[in-house]
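Pasting model37.txt here (compact mmCIF, C-alpha atoms and all ligand atoms):
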```
# COMPACT_ATOMS: atom_id res chain seq x y z
CA MET A 171 -89.03 75.20 77.63
CA VAL A 172 -86.64 73.11 79.73
CA ALA A 173 -83.04 74.29 79.67
CA VAL A 174 -80.69 71.88 77.94
CA ALA A 175 -78.40 70.35 80.53
CA SER A 176 -74.64 70.75 80.69
CA SER A 177 -72.19 67.87 80.87
CA SER A 178 -72.07 68.07 84.65
CA SER A 179 -75.72 66.99 84.82
CA THR A 180 -75.39 64.13 82.32
CA PRO A 181 -73.34 61.61 84.30
CA THR A 182 -72.07 58.41 82.75
CA LEU A 183 -74.81 55.85 82.32
CA ARG A 184 -73.69 52.44 83.59
CA ILE A 185 -75.60 49.31 82.76
CA GLY A 186 -74.14 46.45 84.75
CA GLY A 187 -70.43 46.75 84.12
CA LEU A 188 -70.87 48.71 80.88
CA ALA A 189 -70.12 52.44 80.98
CA LEU A 190 -71.93 53.97 78.02
CA PRO A 191 -70.32 56.89 76.19
CA SER A 192 -73.55 58.88 76.46
CA ASN A 193 -77.02 58.47 77.91
CA VAL A 194 -78.85 58.99 74.61
CA LEU A 195 -79.64 55.64 73.00
CA LEU A 196 -81.01 54.53 69.64
CA ALA A 197 -84.23 52.52 70.03
CA PRO A 198 -84.54 49.09 68.45
CA MET A 199 -86.86 49.31 65.44
CA ALA A 200 -87.59 46.15 63.49
CA GLY A 201 -87.06 46.65 59.78
CA ILE A 202 -85.11 49.85 60.37
CA THR A 203 -82.25 49.64 62.86
CA ASP A 204 -80.32 46.90 61.15
CA ALA A 205 -76.53 46.73 61.41
CA PRO A 206 -75.84 49.40 58.74
CA VAL A 207 -78.07 51.93 60.51
CA ARG A 208 -76.71 51.06 63.95
CA ARG A 209 -73.16 51.48 62.66
CA ILE A 210 -73.87 55.07 61.57
CA ALA A 211 -75.67 55.90 64.83
CA LEU A 212 -72.70 54.66 66.84
CA ALA A 213 -70.23 56.56 64.68
CA TYR A 214 -72.17 59.75 65.42
CA GLY A 215 -72.07 59.09 69.16
CA ALA A 216 -75.20 57.18 70.19
CA GLY A 217 -74.64 55.87 73.71
CA LEU A 218 -75.96 52.44 72.78
CA VAL A 219 -77.63 50.82 69.81
CA VAL A 220 -79.81 47.75 70.19
CA SER A 221 -80.55 45.13 67.55
CA GLU A 222 -84.01 44.76 66.09
CA MET A 223 -86.06 42.28 68.11
CA ILE A 224 -85.21 38.66 67.44
CA ALA A 225 -87.72 35.94 68.24
CA SER A 226 -85.98 33.27 70.27
CA GLY A 227 -87.62 30.61 68.11
CA TRP A 228 -86.16 32.04 64.90
CA LEU A 229 -82.76 32.22 66.49
CA MET A 230 -82.81 28.64 67.72
CA ARG A 231 -83.94 27.46 64.27
CA GLY A 232 -81.03 29.39 62.76
CA GLU A 233 -83.22 31.47 60.48
CA VAL A 234 -81.29 33.81 58.22
CA GLU A 235 -83.15 36.92 59.36
CA ALA A 236 -82.28 36.15 62.99
CA MET A 237 -78.63 35.74 62.08
CA LEU A 238 -78.63 39.06 60.20
CA ARG A 239 -80.21 40.82 63.15
CA THR A 240 -77.52 39.60 65.53
CA GLU A 241 -74.70 41.14 63.49
CA ARG A 242 -72.28 43.01 65.70
CA VAL A 243 -71.39 46.56 64.77
CA GLU A 244 -67.98 47.83 65.71
CA GLY A 245 -67.43 50.97 67.74
CA GLY A 246 -69.69 50.28 70.70
CA PHE A 247 -71.33 47.68 72.87
CA HIS A 248 -73.22 44.89 71.14
CA ALA A 249 -76.78 44.82 72.51
CA VAL A 250 -79.15 42.15 71.22
CA GLN A 251 -82.88 42.25 71.83
CA LEU A 252 -84.75 38.99 72.23
CA THR A 253 -88.43 38.24 72.39
CA GLY A 254 -90.19 35.04 73.34
CA CYS A 255 -92.63 33.45 75.73
CA ASP A 256 -90.97 30.15 76.60
CA PRO A 257 -88.46 30.55 79.44
CA ALA A 258 -86.28 27.61 78.40
CA GLN A 259 -86.14 28.72 74.78
CA LEU A 260 -85.53 32.38 75.64
CA ALA A 261 -82.72 31.43 78.02
CA ALA A 262 -81.20 29.15 75.38
CA ALA A 263 -81.33 31.97 72.82
CA ALA A 264 -79.74 34.34 75.32
CA GLU A 265 -76.95 31.85 75.91
CA VAL A 266 -76.34 31.59 72.16
CA VAL A 267 -76.12 35.35 71.60
CA ALA A 268 -74.02 35.90 74.72
CA GLY A 269 -71.73 33.08 73.60
CA ALA A 270 -71.46 34.77 70.20
CA GLY A 271 -70.26 37.99 71.82
CA ALA A 272 -73.28 40.06 72.88
CA ASP A 273 -72.32 42.55 75.59
CA LEU A 274 -75.92 43.02 76.72
CA ILE A 275 -79.24 41.25 76.22
CA ASP A 276 -82.44 43.24 76.14
CA LEU A 277 -85.79 41.51 76.62
CA ASN A 278 -88.70 42.93 74.64
CA MET A 279 -91.78 43.25 76.84
CA GLY A 280 -93.21 46.25 75.03
CA CYS A 281 -93.94 45.28 71.43
CA PRO A 282 -97.64 45.93 70.76
CA ALA A 283 -97.85 44.06 67.42
CA ARG A 284 -100.57 41.40 67.39
CA LYS A 285 -98.32 38.78 65.87
CA VAL A 286 -96.05 39.20 68.92
CA THR A 287 -98.64 39.76 71.68
CA GLY A 288 -100.81 36.99 70.19
CA GLY A 289 -97.94 34.65 71.04
CA GLU A 290 -97.99 35.97 74.62
CA ALA A 291 -94.70 37.78 74.10
CA GLY A 292 -93.84 41.48 73.84
CA ALA A 293 -96.35 43.75 75.57
CA ALA A 294 -98.68 40.81 76.28
CA LEU A 295 -96.33 40.05 79.16
CA MET A 296 -97.57 43.21 80.85
CA ARG A 297 -100.83 41.31 81.44
CA ASN A 298 -98.99 38.47 83.07
CA LEU A 299 -96.17 39.70 85.28
CA ASP A 300 -95.65 36.28 86.84
CA HIS A 301 -94.78 34.89 83.44
CA ALA A 302 -92.69 37.96 82.57
CA GLU A 303 -90.75 37.33 85.77
CA ARG A 304 -90.22 33.66 84.90
CA LEU A 305 -88.74 34.70 81.55
CA ILE A 306 -86.48 37.29 83.17
CA VAL A 307 -85.24 34.90 85.84
CA ALA A 308 -84.53 32.20 83.26
CA VAL A 309 -82.39 34.57 81.19
CA VAL A 310 -80.59 36.28 84.07
CA GLU A 311 -79.66 32.92 85.55
CA ARG A 312 -78.32 31.68 82.22
CA VAL A 313 -76.02 34.51 81.08
CA LYS A 314 -73.28 36.58 82.68
CA VAL A 315 -73.79 39.70 80.55
CA PRO A 316 -76.16 42.44 81.76
CA VAL A 317 -79.82 41.82 80.98
CA THR A 318 -82.20 44.73 80.46
CA VAL A 319 -85.97 44.86 79.92
CA LYS A 320 -87.86 47.18 77.58
CA MET A 321 -91.49 47.68 78.55
CA ARG A 322 -94.51 49.91 78.13
CA LEU A 323 -96.40 51.57 81.00
CA GLY A 324 -98.82 48.66 81.11
CA TRP A 325 -101.42 46.87 79.03
CA ASP A 326 -104.04 49.63 79.17
CA GLU A 327 -105.06 52.55 81.36
CA THR A 328 -106.60 50.17 83.91
CA CYS A 329 -103.40 48.14 84.13
CA ILE A 330 -100.42 50.46 84.65
CA ASN A 331 -97.91 48.02 86.07
CA ALA A 332 -94.52 49.12 84.73
CA PRO A 333 -93.39 50.05 88.28
CA GLU A 334 -94.18 46.54 89.50
CA LEU A 335 -92.54 44.86 86.51
CA ALA A 336 -89.45 47.05 86.99
CA ARG A 337 -89.30 46.14 90.70
CA ARG A 338 -89.57 42.45 89.92
CA ALA A 339 -86.96 42.81 87.17
CA GLU A 340 -84.56 44.54 89.53
CA ALA A 341 -85.07 41.86 92.17
CA ALA A 342 -84.31 39.22 89.53
CA GLY A 343 -81.00 40.88 88.66
CA VAL A 344 -81.89 43.01 85.64
CA ALA A 345 -79.36 45.81 85.08
CA ALA A 346 -81.63 48.53 83.63
CA VAL A 347 -85.11 49.04 82.26
CA THR A 348 -86.39 51.12 79.37
CA VAL A 349 -89.94 52.42 79.62
CA HIS A 350 -91.95 53.63 76.64
CA GLY A 351 -94.48 56.04 78.14
CA ARG A 352 -97.54 54.50 76.50
CA THR A 353 -99.72 51.50 77.20
CA ARG A 354 -100.04 48.64 74.76
CA ARG A 355 -103.62 49.70 74.03
CA GLN A 356 -102.35 53.08 72.87
CA PHE A 357 -99.98 51.58 70.30
CA TYR A 358 -98.53 54.92 69.10
CA SER A 359 -101.53 57.19 69.67
CA GLY A 360 -101.60 60.14 72.05
CA ARG A 361 -98.48 61.44 73.75
CA ALA A 362 -95.97 59.45 75.76
CA ASP A 363 -96.53 60.08 79.48
CA TRP A 364 -93.09 61.08 80.75
CA ALA A 365 -94.30 61.67 84.32
CA ALA A 366 -95.52 58.07 84.48
CA ILE A 367 -92.00 56.94 83.59
CA GLY A 368 -90.91 58.87 86.69
CA ARG A 369 -93.07 56.58 88.83
CA VAL A 370 -90.96 53.66 87.63
CA LYS A 371 -87.79 55.58 88.39
CA GLN A 372 -88.97 56.23 91.96
CA ASP A 373 -89.46 52.52 92.56
CA VAL A 374 -86.09 51.09 91.50
CA SER A 375 -82.38 51.75 91.95
CA ILE A 376 -81.26 50.38 88.59
CA PRO A 377 -81.00 52.85 85.69
CA VAL A 378 -84.25 53.76 83.97
CA ILE A 379 -84.21 54.85 80.33
CA ALA A 380 -87.13 56.98 79.20
CA ASN A 381 -88.61 56.47 75.76
CA GLY A 382 -91.37 57.98 73.67
CA ASP A 383 -91.77 61.11 71.55
CA VAL A 384 -88.25 62.46 72.03
CA ALA A 385 -87.19 64.27 68.87
CA THR A 386 -84.96 67.13 70.02
CA ALA A 387 -82.42 67.94 72.70
CA GLN A 388 -85.11 70.03 74.39
CA ASP A 389 -87.38 66.97 74.49
CA ALA A 390 -84.53 64.90 75.88
CA ALA A 391 -83.79 67.45 78.59
CA ALA A 392 -87.50 67.67 79.39
CA VAL A 393 -88.07 63.92 79.66
CA LEU A 394 -84.99 63.56 81.86
CA ALA A 395 -86.20 66.39 84.09
CA VAL A 396 -89.82 65.25 84.28
CA SER A 397 -89.11 61.56 84.82
CA GLY A 398 -85.77 61.72 86.63
CA ALA A 399 -84.65 58.95 84.25
CA ASP A 400 -80.99 58.17 83.75
CA GLY A 401 -81.07 58.07 79.98
CA VAL A 402 -83.27 58.59 76.99
CA MET A 403 -83.97 56.37 73.99
CA ILE A 404 -84.91 57.74 70.57
CA GLY A 405 -86.84 55.82 67.95
CA ARG A 406 -88.94 57.30 65.17
CA ALA A 407 -87.26 60.71 65.21
CA ALA A 408 -84.05 58.97 64.16
CA GLN A 409 -85.64 57.54 61.00
CA GLY A 410 -83.63 59.23 58.25
CA ARG A 411 -81.49 60.85 60.96
CA PRO A 412 -79.23 58.09 62.31
CA TRP A 413 -77.00 60.82 63.71
CA LEU A 414 -79.77 62.15 65.97
CA PRO A 415 -79.02 60.29 69.25
CA GLY A 416 -75.36 61.28 68.99
CA ARG A 417 -76.18 64.86 68.09
CA ILE A 418 -78.62 65.16 70.99
CA ALA A 419 -76.07 63.63 73.35
CA ARG A 420 -73.56 66.20 72.18
CA GLN A 421 -75.98 69.06 72.72
CA LEU A 422 -76.82 67.84 76.23
CA ALA A 423 -73.11 67.61 77.03
CA THR A 424 -71.75 70.71 75.30
CA GLY A 425 -74.62 72.90 74.17
CA ILE A 426 -73.63 72.55 70.49
CA PRO A 427 -76.99 72.51 68.66
CA ALA A 428 -78.12 69.09 67.44
CA ASP A 429 -78.46 70.33 63.87
CA ASP A 430 -78.51 67.92 60.96
CA PRO A 431 -75.10 67.52 59.29
CA SER A 432 -74.27 69.48 56.13
CA LEU A 433 -75.80 68.34 52.84
CA THR A 434 -72.37 67.02 51.82
CA ASP A 435 -72.19 64.86 54.93
CA GLN A 436 -75.81 63.73 54.56
CA LEU A 437 -75.05 62.64 50.99
CA GLU A 438 -72.05 60.65 52.13
CA VAL A 439 -74.08 59.01 54.91
CA LEU A 440 -76.95 58.10 52.58
CA ARG A 441 -74.73 56.72 49.84
CA GLY A 442 -72.76 54.71 52.38
CA LEU A 443 -75.95 53.42 53.98
CA TYR A 444 -77.35 52.36 50.60
CA GLN A 445 -74.23 50.36 49.77
CA ALA A 446 -74.12 48.85 53.25
CA LEU A 447 -77.79 47.81 53.10
CA LEU A 448 -77.22 46.00 49.81
CA ALA A 449 -74.18 44.25 51.23
CA HIS A 450 -75.98 43.34 54.47
CA HIS A 451 -79.28 42.09 53.05
CA GLY A 452 -78.13 41.04 49.60
CA ARG A 453 -79.04 43.07 46.54
CA ALA A 454 -82.62 41.83 45.98
CA VAL A 455 -83.81 42.48 49.55
CA GLY A 456 -81.40 45.37 50.10
CA VAL A 457 -82.87 47.59 47.39
CA ARG A 458 -86.32 47.17 48.94
CA VAL A 459 -85.10 47.82 52.48
CA ALA A 460 -83.09 50.81 51.27
CA ARG A 461 -86.10 52.49 49.66
CA LYS A 462 -87.56 53.80 52.92
CA HIS A 463 -84.16 55.12 53.98
CA LEU A 464 -83.79 56.88 50.61
CA GLY A 465 -87.22 58.46 51.10
CA TRP A 466 -86.38 59.67 54.60
CA GLY A 467 -82.89 60.79 53.56
CA LEU A 468 -84.27 62.83 50.68
CA ALA A 469 -86.88 64.40 52.98
CA VAL A 470 -84.24 65.39 55.54
CA ALA A 471 -81.93 66.80 52.85
CA ALA A 472 -84.83 68.69 51.26
CA ALA A 473 -85.68 70.19 54.64
CA THR A 474 -82.03 71.16 55.23
CA ALA A 475 -81.89 72.90 51.84
CA ASP A 476 -85.48 74.13 51.92
CA ALA A 477 -85.87 72.64 48.44
CA PRO A 478 -89.09 73.21 46.47
CA THR A 479 -91.61 70.39 46.85
CA ASP A 480 -91.88 69.74 43.10
CA VAL A 481 -88.11 69.25 42.84
CA VAL A 482 -88.16 66.88 45.80
CA ALA A 483 -91.14 64.93 44.43
CA ALA A 484 -89.44 64.47 41.06
CA TRP A 485 -86.29 63.10 42.67
CA ARG A 486 -88.25 60.82 44.99
CA GLN A 487 -90.05 59.39 41.99
CA ARG A 488 -86.77 58.72 40.16
CA LEU A 489 -84.77 57.31 43.04
CA LEU A 490 -87.45 55.28 44.77
CA THR A 491 -88.48 53.42 41.63
CA THR A 492 -85.10 52.23 40.40
CA ASP A 493 -83.38 49.06 41.55
CA ASP A 494 -80.11 49.96 39.88
CA PRO A 495 -77.48 50.88 42.50
CA ASP A 496 -75.45 52.89 39.98
CA HIS A 497 -78.48 55.01 39.15
CA VAL A 498 -79.14 55.55 42.84
CA HIS A 499 -75.54 56.52 43.56
CA ALA A 500 -75.38 59.03 40.69
CA GLY A 501 -78.97 60.20 41.18
CA LEU A 502 -78.41 60.98 44.85
CA GLY A 503 -75.54 63.27 43.89
CA ASP A 504 -77.71 65.03 41.31
CA ALA A 505 -80.66 65.29 43.70
CA PHE A 506 -78.59 66.82 46.48
CA ALA A 507 -77.01 69.21 43.96
CA ALA A 508 -80.49 70.24 42.81
CA PHE A 509 -81.55 70.79 46.44
CA ALA A 510 -78.39 72.77 47.18
CA TRP A 511 -78.79 74.87 44.05
CA LYS A 512 -82.12 76.06 45.40
CA GLU A 513 -80.42 76.72 48.73
CA ALA A 514 -77.76 78.91 47.08
CA ALA A 515 -80.19 80.74 44.77
C1 LIG B 601 -91.12 50.58 62.87
C2 LIG B 601 -90.89 50.34 64.34
C3 LIG B 601 -90.30 49.15 64.75
C4 LIG B 601 -90.09 48.90 66.11
N1 LIG B 601 -89.46 47.75 66.49
C5 LIG B 601 -89.17 47.54 67.80
C6 LIG B 601 -88.41 46.42 68.21
O1 LIG B 601 -87.95 45.61 67.39
N2 LIG B 601 -88.19 46.27 69.54
C7 LIG B 601 -88.66 47.16 70.47
O2 LIG B 601 -88.43 46.98 71.67
N3 LIG B 601 -89.35 48.24 70.10
C8 LIG B 601 -89.60 48.46 68.80
N4 LIG B 601 -90.25 49.60 68.43
C9 LIG B 601 -90.61 50.59 69.45
C10 LIG B 601 -89.49 51.63 69.62
O3 LIG B 601 -88.31 51.04 70.08
C11 LIG B 601 -89.91 52.74 70.60
O4 LIG B 601 -90.19 52.15 71.84
C12 LIG B 601 -91.15 53.51 70.13
O5 LIG B 601 -91.08 53.81 68.75
C13 LIG B 601 -91.34 54.80 70.93
O6 LIG B 601 -90.22 55.63 70.81
P1 LIG B 601 -90.22 56.92 69.80
O7 LIG B 601 -91.40 57.77 70.17
O8 LIG B 601 -88.91 57.58 70.04
O9 LIG B 601 -90.38 56.37 68.41
C14 LIG B 601 -90.48 49.85 67.08
C15 LIG B 601 -91.06 51.05 66.66
C16 LIG B 601 -91.26 51.30 65.31
C17 LIG B 601 -91.88 52.61 64.89
```
Now, as a test, write the supplied structure out as structure tokens.
Ligand SMILES: Cc1cc2nc3c(=O)[nH]c(=O)nc-3n(C[C@H](O)[C@H](O)[C@H](O)COP(=O)(O)O)c2cc1C
Amino acid sequence: MVAVASSSSTPTLRIGGLALPSNVLLAPMAGITDAPVRRIALAYGAGLVVSEMIASGWLMRGEVEAMLRTERVEGGFHAVQLTGCDPAQLAAAAEVVAGAGADLIDLNMGCPARKVTGGEAGAALMRNLDHAERLIVAVVERVKVPVTVKMRLGWDETCINAPELARRAEAAGVAAVTVHGRTRRQFYSGRADWAAIGRVKQDVSIPVIANGDVATAQDAAAVLAVSGADGVMIGRAAQGRPWLPGRIARQLATGIPADDPSLTDQLEVLRGLYQALLAHHGRAVGVRVARKHLGWGLAVAAATADAPTDVVAAWRQRLLTTDDPDHVHAGLGDAFAAFAWKEAA
């Protein structure tokens, strides 16, 4: 097991002119890391949170979902992720979000979803680095804020070109790159290849952020050691644990274990998140969006309390099938009390 680093070995991560409070970042996750989730992650100490990806076309058409995704959260830098395949449109979208106050623009060149790659955006750009470079240049030339690129290792195992894309991005003026240690062909299968991220790091001078399969402070220390990366980005492990990037950052800096908060604090977070999701998305959409967070939140609380599976299943059934916010608010309190009762017994 890799030793967890001390603060002296976790220097400030600077992206362009932005000095991040820690080098553990929350990954953008469409449908999950909306403004309410990002707000909690920042409050717990995530070094940076990034909006869900926003298609430049949606943004330029003023679609409601695009507007929601650009919402700024207080307490940290405002990073907006854009995706697109038309240089003029992507640059125009970047100008709009920078003009509206974004501190950083991230370009998505790693999304494997067919509806994105089919449009020659996202990870499809890893098959066409000339076009990826055109997009990057168009955006960097248009905005003054730092521009970053999030990529995969390549399209497939025969096309591992993240080092080349990172070099071209650096030459074009990109301020940092994030590398998910899988190819597009892998989607989410297998394990992220942290050593391969190191080959990107060796090729550029800008900060490299390592991503993929980091769930604990030990993982974070290991990926930093193996890849030599400057920071680490956490995605799926933070589902239901918006505090995780901040907690891992704290453990790397101080050694305080990145444990989940107390049940009382988890309850407060989950209730607050539920209310915030309804306010952000509107009640009809919000109750649907909130359901997955309730499921994850109950699972994390149940694990904290070591609650019996039948008790957890009964509460899941009750809370995930009601659309009444008052029932959810009261039911969460009862569920957590039932979990805690088992813990105390
Ligand atoms: C549900 C879901 C949605 C995602 N949405 C985005 C996105 O909008 N933009 C992006 O760059 N990556 C997106 N990703 C990829 C993550 O940012 C991250 O690169 C990937 O999950 C690997 O990191 P992890 O192993 O820590 O989860 C998404 C991943 C998931 C699971």
Task: Gap from CA of Glu334 (chain A) to CA of Ala294 (chain A) - Å, one decimal - done: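 CA of Ala294 (chain A) lies at a distance of 15.1 Å from CA of Glu334 (chain A).
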If you take only C-alpha atoms and all ligand atoms and a cut-off of 10 Å, which residues of chain A touch ligand LIG 601 (chain B), and what are their nearest atom pairs and distances in Å to one decimal, in chain and number order, as CSV?
```
residue,atom,partner,partner_atom,distance
A:Leu195,CA,B:LIG601,O8,9.9
A:Leu196,CA,B:LIG601,O3,8.1
A:Ala197,CA,B:LIG601,O3,4.3
A:Pro198,CA,B:LIG601,O3,4.5
A:Met199,CA,B:LIG601,N1,3.2
A:Ala200,CA,B:LIG601,N1,3.9
A:Gly201,CA,B:LIG601,C3,6.4
A:Ile202,CA,B:LIG601,C1,6.6
A:Thr203,CA,B:LIG601,C3,8.3
A:Asp204,CA,B:LIG601,O1,9.9
A:Val220,CA,B:LIG601,N2,8.5
A:Ser221,CA,B:LIG601,O1,7.4
A:Glu222,CA,B:LIG601,O1,4.2
A:Met223,CA,B:LIG601,O1,3.9
A:Ile224,CA,B:LIG601,O1,7.5
A:Ala225,CA,B:LIG601,O1,9.7
A:Gln251,CA,B:LIG601,N2,7.0
A:Leu252,CA,B:LIG601,N2,8.5
A:Thr253,CA,B:LIG601,N2,8.5
A:Asp276,CA,B:LIG601,O2,8.4
A:Leu277,CA,B:LIG601,O2,7.8
A:Asn278,CA,B:LIG601,O2,5.0
A:Met279,CA,B:LIG601,O2,7.2
A:Gly280,CA,B:LIG601,O2,5.9
A:Cys281,CA,B:LIG601,N3,5.6
A:Pro282,CA,B:LIG601,C9,8.5
A:Ala283,CA,B:LIG601,N1,9.2
A:Gly292,CA,B:LIG601,O2,8.0
A:Ala293,CA,B:LIG601,O2,9.4
A:Val319,CA,B:LIG601,O2,8.9
A:Lys320,CA,B:LIG601,O2,5.9
A:Met321,CA,B:LIG601,O2,7.6
A:Arg322,CA,B:LIG601,O4,8.0
A:Thr348,CA,B:LIG601,O4,8.5
A:Val349,CA,B:LIG601,O4,7.8
A:His350,CA,B:LIG601,O4,5.3
A:Gly351,CA,B:LIG601,C13,8.0
A:Arg352,CA,B:LIG601,C13,8.3
A:Phe357,CA,B:LIG601,C12,9.0
A:Tyr358,CA,B:LIG601,C13,7.4
A:Arg361,CA,B:LIG601,O7,8.7
A:Ala362,CA,B:LIG601,O7,7.4
A:Ala380,CA,B:LIG601,O6,9.0
A:Asn381,CA,B:LIG601,O6,5.3
A:Gly382,CA,B:LIG601,O7,3.5
A:Asp383,CA,B:LIG601,O7,3.6
A:Val384,CA,B:LIG601,O8,5.3
A:Ala385,CA,B:LIG601,O8,7.0
A:Val402,CA,B:LIG601,O8,9.0
A:Met403,CA,B:LIG601,O8,6.4
A:Ile404,CA,B:LIG601,O8,4.0
A:Gly405,CA,B:LIG601,O8,3.4
A:Arg406,CA,B:LIG601,O9,3.7
A:Ala407,CA,B:LIG601,O8,6.0
A:Ala408,CA,B:LIG601,O8,7.8
A:Gln409,CA,B:LIG601,C17,8.9
```
- [ ] Would you mind telling me which residue in A:Leu305, A:Ala449, A:Ala454, A:Leu433 lies nearest to Ala507 (chain A) when using only C-alpha atoms?
- [x]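 Smallest separation from Ala507 (chain A) among the options: A:Leu433.
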Task: Coordinates-based distance that separates CA of Asp326 (chain A) from CA of Arg284 (chain A) (Å, one decimal) - done: 14.8 Å
Open item on the list: Excluding Asp373 (chain A) and its own-chain neighbours fewer than 6 positions away, which residues fall within 9 Å of it when counting only C-alpha atoms? Please give them as a list in words.
Closed with: Pro333, Glu334, Ala336 and Arg337 of chain A
Dump of C-alpha atoms for the selected residues, as an mmCIF file, in the coordinates of the input:
```cif
data_model
loop_
_atom_site.group_PDB
_atom_site.id
_atom_site.type_symbol
_atom_site.label_atom_id
_atom_site.label_comp_id
_atom_site.auth_asym_id
_atom_site.auth_seq_id
_atom_site.Cartn_x
_atom_site.Cartn_y
_atom_site.Cartn_z
ATOM 1 C CA PRO A 333 -93.390 50.050 88.280
ATOM 2 C CA GLU A 334 -94.180 46.540 89.500
ATOM 3 C CA ALA A 336 -89.450 47.050 86.990
ATOM 4 C CA ARG A 337 -89.300 46.140 90.700
#
```
Find the nearest atom pair between each residue of region 330-437 of chain A and region 208-212 of chain A for residues within 12 Å, count only C-alpha atoms, give distances in Å to one decimal, sort rows by chain and ascending number, and present the table as a tab-separated table.
```
residue	atom	partner	partner_atom	distance
A:Ile404	CA	A:Ala211	CA	11.0
A:Gly405	CA	A:Ala211	CA	11.6
A:Ala408	CA	A:Ala211	CA	8.9
A:Gln409	CA	A:Ala211	CA	10.8
A:Gly410	CA	A:Ala211	CA	10.9
A:Arg411	CA	A:Ala211	CA	8.6
A:Pro412	CA	A:Ala211	CA	4.9
A:Trp413	CA	A:Ala211	CA	5.2
A:Leu414	CA	A:Ala211	CA	7.6
A:Pro415	CA	A:Ala211	CA	7.1
A:Gly416	CA	A:Ala211	CA	6.8
A:Arg417	CA	A:Ala211	CA	9.5
A:Ile418	CA	A:Ala211	CA	11.5
A:Ala419	CA	A:Ala211	CA	11.5
A:Asp435	CA	A:Ile210	CA	11.9
A:Gln436	CA	A:Ile210	CA	11.3
```
TODO: Find the residues near Asp504 (chain A): any atom within 12 Å, counting all atoms listed in the file, skip ones fewer than 6 places away on the same chain, and give them as a ChimeraX atom specification.
DONE: /A:434,437,468,481-482,484-486,488-489,497-498,510-511
TODO: Can you work out the spacing between CA of Val347 (chain A) and CA of Pro377 (chain A) in Å, to one decimal?
DONE: 6.6 Å
Open item on the list: My list of candidates is A:Gln356, A:Asn298, A:Thr491, A:Ser226. Which is closest to Val266 (chain A) when distances are computed with only C-alpha atoms?
Closed with: A:Ser226
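Using all atoms listed in the file, the smallest distance between any of A:Ala270, A:Leu218, A:Leu490, A:Val374 and Ile185 (chain A) comes from A:Leu218.
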Open item on the list: I'd like to know which of A:Pro191, A:Gly452, A:Pro316, A:Gly425 is closest to Asp273 (chain A), using all atoms listed in the file.
Closed with: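 Of the candidates, the smallest distance to Asp273 (chain A) is held by A:Pro316.
Each of A:Ala249, A:Leu464, A:Val243, A:Cys329 was checked against Gln445 (chain A) using all atoms listed in the file; the smallest atom-to-atom distance is that of A:Leu464.
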TODO: Go through A:Met296, A:Pro206, A:Ala291, A:Ala483 and flag the residue nearest Gly227 (chain A), using all atoms listed in the file for the distances.
DONE: A:Ala291
Open item on the list: Residues proximal to (-79.4, 38.8, 54.3) were defined as those with any atom within 10 Å of that point in the file's coordinates, counting all atoms listed in the file. Which are they, as a VMD selection string?
Closed with: chain A and resid 234 to 239 447 to 456
